[in-house]
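Novice: File name entry03.txt; file contents compact mmCIF, C-alpha atoms; full text below.
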```
# COMPACT_ATOMS: atom_id res chain seq x y z
CA MET A 1 -19.37 -14.28 -1.47
CA VAL A 2 -20.20 -11.21 0.65
CA PHE A 3 -20.53 -12.00 4.33
CA PRO A 4 -23.21 -10.29 6.46
CA PHE A 5 -20.48 -8.57 8.51
CA HIS A 6 -19.06 -6.96 5.38
CA ARG A 7 -22.52 -5.86 4.25
CA ARG A 8 -23.15 -4.27 7.65
CA ARG A 9 -19.77 -2.54 7.69
CA ASN A 10 -20.25 -1.21 4.17
CA ALA A 11 -23.71 0.06 5.11
CA GLU A 12 -22.31 1.80 8.20
CA GLU A 13 -19.57 3.44 6.13
CA ALA A 14 -22.14 4.61 3.58
CA ASP A 15 -24.34 6.03 6.36
CA LEU A 16 -21.35 7.82 7.90
CA GLY A 17 -20.40 9.22 4.50
CA ASP A 18 -23.92 10.58 4.06
CA LEU A 19 -23.89 12.19 7.51
CA LEU A 20 -20.49 13.77 6.87
CA ALA A 21 -21.66 15.22 3.56
CA ARG A 22 -24.76 16.72 5.20
CA ALA A 23 -22.73 18.16 8.09
CA LYS A 24 -20.22 19.74 5.70
CA ALA A 25 -23.13 21.19 3.71
CA GLY A 26 -24.29 23.10 6.80
CA ASP A 27 -26.70 20.77 8.59
CA ASP A 28 -25.88 21.68 12.21
CA GLY A 29 -28.27 19.07 13.56
CA VAL A 30 -26.38 16.30 11.81
CA ARG A 31 -23.05 17.76 12.94
CA ASP A 32 -24.25 17.74 16.56
CA GLN A 33 -25.42 14.15 16.06
CA LEU A 34 -21.96 13.12 14.86
CA LEU A 35 -20.22 14.93 17.72
CA ARG A 36 -22.43 13.26 20.32
CA LYS A 37 -22.20 9.82 18.75
CA TYR A 38 -18.42 9.80 18.59
CA ILE A 39 -17.68 11.23 22.05
CA PRO A 40 -16.32 7.81 23.21
CA PHE A 41 -14.07 7.70 20.12
CA VAL A 42 -12.82 11.24 20.79
CA ALA A 43 -12.06 10.42 24.44
CA LYS A 44 -10.26 7.21 23.48
CA SER A 45 -8.23 8.94 20.78
CA ALA A 46 -7.27 11.78 23.15
CA SER A 47 -6.29 9.28 25.86
CA ARG A 48 -4.12 7.34 23.44
CA ALA A 49 -2.44 10.52 22.18
CA SER A 50 -1.89 11.80 25.73
CA SER A 51 -0.73 8.46 27.15
CA ARG A 52 -3.17 8.80 30.03
CA PHE A 53 -6.91 8.60 30.63
CA ILE A 54 -8.73 11.72 29.40
CA SER A 55 -12.11 12.50 30.90
CA ARG A 56 -14.87 14.56 29.33
CA GLY A 57 -15.56 17.72 31.31
CA GLU A 58 -12.38 17.46 33.38
CA ASP A 59 -9.43 17.60 30.97
CA ASP A 60 -8.56 20.36 28.51
CA GLU A 61 -7.29 17.64 26.19
CA PHE A 62 -10.84 16.39 25.65
CA SER A 63 -12.08 19.82 24.54
CA ILE A 64 -9.13 20.13 22.16
CA ALA A 65 -9.80 16.64 20.80
CA LEU A 66 -13.51 17.36 20.29
CA ALA A 67 -12.68 20.58 18.42
CA ALA A 68 -10.22 18.59 16.31
CA PHE A 69 -12.93 16.02 15.52
CA ASN A 70 -15.21 18.86 14.41
CA GLU A 71 -12.35 20.17 12.25
CA ALA A 72 -11.93 16.70 10.73
CA ILE A 73 -15.58 16.72 9.63
CA ASP A 74 -14.92 19.83 7.54
CA ARG A 75 -11.54 18.71 6.17
CA TYR A 76 -12.23 15.06 5.38
CA ASP A 77 -12.04 14.01 1.74
CA GLY A 78 -12.99 10.40 1.09
CA ASN A 79 -10.90 10.35 -2.10
CA ARG A 80 -7.63 10.76 -0.22
CA GLY A 81 -7.05 7.19 0.85
CA ALA A 82 -8.10 7.18 4.50
CA SER A 83 -11.19 6.29 6.50
CA PHE A 84 -12.86 9.18 8.29
CA LEU A 85 -12.12 7.82 11.76
CA GLY A 86 -8.48 7.22 10.85
CA PHE A 87 -8.27 10.78 9.54
CA ALA A 88 -10.02 12.17 12.63
CA ASP A 89 -7.61 10.30 14.90
CA THR A 90 -4.69 11.89 13.03
CA VAL A 91 -6.16 15.40 13.34
CA ILE A 92 -6.79 14.87 17.07
CA ARG A 93 -3.22 13.70 17.61
CA ARG A 94 -1.79 16.68 15.72
CA ARG A 95 -3.87 19.22 17.60
CA LEU A 96 -2.81 17.71 20.92
CA ILE A 97 0.83 17.83 19.82
CA ASP A 98 0.30 21.55 19.08
CA TYR A 99 -1.25 21.95 22.54
CA PHE A 100 1.66 20.25 24.33
CA ARG A 101 4.12 22.24 22.25
CA SER A 102 2.46 25.49 23.33
CA ARG A 103 2.71 24.39 26.97
CA GLU A 104 6.38 23.66 26.43
CA ASN A 105 6.94 27.13 24.96
CA ARG A 106 5.25 28.73 27.97
CA VAL A 107 7.61 26.87 30.30
CA ARG A 108 10.60 28.21 28.33
CA ASP A 109 9.45 31.79 28.96
CA ILE A 110 9.35 31.36 32.75
CA PRO A 111 12.18 33.17 34.66
CA MET A 112 14.74 30.87 36.27
CA ALA A 113 13.69 32.01 39.77
CA GLU A 114 10.25 30.58 39.17
CA LEU A 115 11.33 27.20 37.86
CA GLU A 116 11.33 25.60 41.32
CA THR A 117 7.75 25.69 42.58
CA GLU A 118 5.00 23.64 44.20
CA ASP A 119 1.79 22.18 42.90
CA GLU A 120 -1.68 22.60 44.41
CA GLU A 121 -0.88 19.99 47.06
CA ASP A 122 2.41 21.67 48.05
CA HIS A 123 4.53 19.02 46.32
CA PRO A 124 7.74 20.51 44.88
CA TYR A 125 8.47 20.10 41.19
CA ASN A 126 10.86 21.52 38.65
CA LYS A 127 9.51 23.10 35.47
CA ILE A 128 12.70 22.26 33.56
CA GLU A 129 11.96 18.59 34.19
CA ILE A 130 8.43 19.14 32.91
CA GLN A 131 9.84 20.77 29.79
CA LYS A 132 12.14 17.82 29.14
CA SER A 133 9.24 15.41 29.62
CA LEU A 134 7.13 17.37 27.14
CA GLU A 135 9.97 17.35 24.61
CA ILE A 136 10.28 13.57 24.92
CA TYR A 137 6.50 13.22 24.67
CA GLU A 138 6.33 15.42 21.57
CA THR A 139 9.10 13.46 19.85
CA THR A 140 7.33 10.18 20.60
CA GLN A 141 4.00 11.47 19.32
CA ILE A 142 5.52 12.80 16.10
CA GLU A 143 7.23 9.45 15.52
CA ASP A 144 3.91 7.66 16.07
CA ALA A 145 2.14 10.06 13.72
CA ARG A 146 4.81 9.57 11.06
CA ARG A 147 4.55 5.77 11.42
CA GLU A 148 0.78 5.97 11.02
CA GLU A 149 1.16 8.13 7.91
CA ILE A 150 3.63 5.68 6.38
CA GLU A 151 1.22 2.79 6.98
CA ARG A 152 -1.65 4.66 5.29
CA TYR A 153 0.62 5.80 2.47
CA SER A 154 1.92 2.28 1.88
CA ALA A 155 -1.63 0.92 1.69
CA TRP A 156 -2.64 3.64 -0.78
CA LEU A 157 0.45 3.05 -2.93
CA ALA A 158 -0.48 -0.63 -3.15
CA GLU A 159 -3.73 0.37 -4.87
CA PHE A 160 -1.57 1.84 -7.65
CA GLY A 161 0.66 -1.22 -7.88
CA ILE A 162 3.57 0.48 -6.09
CA SER A 163 5.43 -0.64 -2.98
CA LEU A 164 7.54 1.43 -0.60
CA GLU A 165 10.45 -0.92 -1.13
CA GLU A 166 10.69 -0.18 -4.85
CA LEU A 167 10.52 3.60 -4.45
CA VAL A 168 14.25 3.73 -3.76
CA GLU A 169 14.92 2.04 -7.10
CA LEU A 170 12.29 4.15 -8.86
CA SER A 171 13.80 7.45 -7.75
CA PRO A 172 15.64 9.14 -10.66
CA LYS A 173 19.38 8.98 -10.14
CA HIS A 174 20.10 12.57 -11.23
CA ALA A 175 19.00 15.55 -9.14
CA ASP A 176 17.65 17.41 -12.17
CA ALA A 177 15.48 14.45 -13.15
CA ARG A 178 14.14 14.12 -9.60
CA TRP A 179 13.37 17.84 -9.49
CA ASN A 180 11.53 17.69 -12.82
CA ALA A 181 9.50 14.67 -11.70
CA MET A 182 8.52 16.47 -8.50
CA GLN A 183 7.37 19.49 -10.49
CA VAL A 184 5.15 17.24 -12.60
CA ALA A 185 3.74 15.69 -9.42
CA LYS A 186 3.03 19.17 -8.01
CA VAL A 187 1.17 20.12 -11.19
CA ILE A 188 -0.96 16.97 -10.88
CA ALA A 189 -1.75 17.66 -7.22
CA SER A 190 -2.63 21.32 -7.89
CA ARG A 191 -4.97 20.66 -10.83
CA PRO A 192 -8.30 19.03 -9.84
CA THR A 193 -8.80 17.55 -13.31
CA PHE A 194 -5.38 15.87 -13.19
CA SER A 195 -5.64 14.65 -9.60
CA GLU A 196 -9.18 13.33 -10.14
CA TYR A 197 -7.98 11.47 -13.24
CA LEU A 198 -5.11 9.95 -11.27
CA LEU A 199 -7.33 8.80 -8.41
CA ARG A 200 -10.03 7.45 -10.72
CA LYS A 201 -7.91 5.77 -13.40
CA LYS A 202 -4.90 4.89 -11.23
CA SER A 203 -2.69 6.25 -14.01
CA LEU A 204 -1.28 9.53 -15.33
CA PRO A 205 -3.15 11.75 -17.82
CA LEU A 206 -0.18 11.49 -20.16
CA LYS A 207 -1.50 13.41 -23.15
CA GLU A 208 -2.64 16.37 -21.07
CA LEU A 209 0.59 16.37 -19.04
CA VAL A 210 2.77 16.43 -22.15
CA ASP A 211 0.95 19.58 -23.29
CA GLU A 212 1.01 21.13 -19.81
CA VAL A 213 4.53 20.51 -18.50
CA GLY A 214 6.55 20.15 -21.69
CA VAL A 215 8.04 16.80 -20.69
CA SER A 216 8.16 14.03 -23.26
CA ARG A 217 5.69 11.16 -23.04
CA LYS A 218 8.59 8.71 -22.90
CA THR A 219 10.05 10.44 -19.82
CA LEU A 220 6.66 10.55 -18.10
CA GLU A 221 6.13 6.84 -18.74
CA ARG A 222 9.61 5.99 -17.46
CA GLN A 223 9.05 8.00 -14.26
CA ARG A 224 5.35 7.09 -13.95
CA LYS A 225 5.48 5.29 -10.59
CA TYR A 226 7.77 7.86 -9.01
CA ILE A 227 5.58 10.76 -10.14
CA ILE A 228 2.45 9.00 -8.88
CA ALA A 229 4.09 8.30 -5.51
CA ILE A 230 5.04 11.97 -5.03
CA ALA A 231 1.63 13.19 -6.23
CA LEU A 232 -0.15 10.98 -3.71
CA VAL A 233 1.86 12.48 -0.85
CA LEU A 234 0.76 15.94 -2.00
CA ILE A 235 -2.86 14.99 -2.62
CA GLY A 236 -3.39 12.95 0.52
CA ASP A 237 -3.34 13.93 4.17
CA PHE A 238 0.37 13.28 4.72
CA GLU A 239 1.60 16.42 6.45
CA LEU A 240 4.72 14.84 7.93
CA LEU A 241 5.74 12.99 4.76
CA ARG A 242 5.56 16.23 2.78
CA GLU A 243 8.60 17.41 4.73
CA TYR A 244 10.69 14.99 2.63
CA ILE A 245 9.61 16.59 -0.65
CA ALA A 246 11.75 19.50 -1.74
```
Represent the structure contained in this file as structure tokens.
Specialist:
Amino acid sequence: MVFPFHRRRNAEEADLGDLLARAKAGDDGVRDQLLRKYIPFVAKSASRASSRFISRGEDDEFSIALAAFNEAIDRYDGNRGASFLGFADTVIRRRLIDYFRSRENRVRDIPMAELETEDEEDHPYNKIEIQKSLEIYETTQIEDARREEIERYSAWLAEFGISLEELVELSPKHADARWNAMQVAKVIASRPTFSEYLLRKKSLPLKELVDEVGVSRKTLERQRKYIIAIALVLIGDFELLREYIA
């Protein structure tokens, strides 16, 4: 039985998908419509990423977040295992991390004599303390972003019948075998025909891979889940998780 709420949500997702496709195709009117409609979402996402209230027209963070939302419209791929708003929230968070990192780098370039200063209301403050606060903030944000990626990745793996818990057992014991499996995964991610087959069939294009990578069918079948897991990291929007792939 399909409840009315589910029908409405599915219809809204379909409408959003249509608007995104039209915006990406160059319809500036639709793009402006999306940007205006999701201003509250952008402000909320920026506030959450900044750990303080962000106001439109007053905070630089809002402008950065809105530009990131616009970037998300162009980069979003519905086949990569994430909702658009979840993807947009991730892009906003990453761009704000970049922004805070750039502020931190500017503080590092300030001469020591200028580190003790006063704000606009003549209150003294130390720029070294600000730097340390930014470093703590950046670390926290990266940890949150990595946690969010793991949650999305785990949900996507489940669609392929794979759990995070079993990946440790699935990993080939020998370094050479792991390296070979990763190369196969990279081939899958880099070839649209292979990656589309994987996402559509939820399985490996074994015959084509045997011809392409020169690995036996038996080996590919034995390492199937591990190869799929690595390929999904490369195909999906998992920038932080990619750091773990050699």
Novice: Find the residues around Lys202 (chain A) up to 9 Å (all atoms listed in the file counted), leave out those fewer than 6 positions away in its own chain, and share them as a compact mmCIF listing (two decimals) with C-alpha atoms, in the coordinates of the input.
Specialist:
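Heads up, here's the output in selection-v5.txt:
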```txt
# COMPACT_ATOMS: atom_id res chain seq x y z
CA GLU A 159 -3.73 0.37 -4.87
CA PHE A 160 -1.57 1.84 -7.65
CA GLY A 161 0.66 -1.22 -7.88
CA ILE A 228 2.45 9.00 -8.88
```
Novice: Return the single residue from A:Asp144, A:Asp32, A:Glu212, A:Glu166 that is closest to Leu19 (chain A), with distances computed using only C-alpha atoms.
Specialist: A:Asp32
Novice: Determine, counting all atoms listed in the file, which protein, DNA and RNA residues have an atom within 8 Å of an atom of Asn70 (chain A); residues of the same chain fewer than 4 positions away are not included. Present the result as a PyMOL selection string.
Specialist: chain A and resi 35+66+74
Novice: Given all atoms listed in the file as the basis, pick out the residue of A:Leu34, A:Val168, A:Ala49, A:Ile97 nearest to Ala72 (chain A).
Specialist: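 Among the listed residues, the smallest separation from Ala72 (chain A) belongs to A:Leu34.
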Novice: Which of these, A:Gly26, A:Arg56, A:Lys207, A:Tyr197, has the shortest distance to Glu221 (chain A) once you count all atoms listed in the file?
Specialist: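 With all atoms listed in the file as the atom set, the closest residue is A:Lys207.
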Novice: What's the separation between CA of Phe238 (chain A) and CA of Ala67 (chain A), in Å to one decimal place?
Specialist: 20.3 Å
Novice: As a ChimeraX atom specification, please: the residues near Ile150 (chain A) (cut-off 8 Å, all atoms listed in the file, same-chain neighbours under 4 positions excluded).
Specialist: /A:146,154,241
Novice: In terms of the shortest atom-to-atom distance over only C-alpha atoms, which of A:Asp211, A:Glu143, A:Glu61, A:Glu243 is closest to Phe100 (chain A)?
Specialist: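 For Phe100 (chain A), the nearest of the given residues is A:Glu61.
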Novice: Nearest to Arg222 (chain A) among A:Leu85, A:Ile235, A:Leu209, A:Ala181, with distances taken over all atoms listed in the file: which residue is it?
Specialist: A:Ala181
Novice: Closest to Ser51 (chain A) among A:Lys218, A:Arg147, A:Arg31, A:Arg93, using only C-alpha atoms?
Specialist: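 Nearest candidate to Ser51 (chain A) out of A:Lys218, A:Arg147, A:Arg31, A:Arg93: A:Arg93.
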Novice: If I take CA of Glu208 (chain A) and CA of Tyr244 (chain A), how far is one from the other in Å, to one decimal?
Specialist: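 Computing the Euclidean distance for CA of Glu208 (chain A) and CA of Tyr244 (chain A) yields 27.2 Å.
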Novice: Rounded to one decimal in Å, what is the spacing between CA of Ala189 (chain A) and CA of Leu234 (chain A)?
Specialist: 6.0 Å
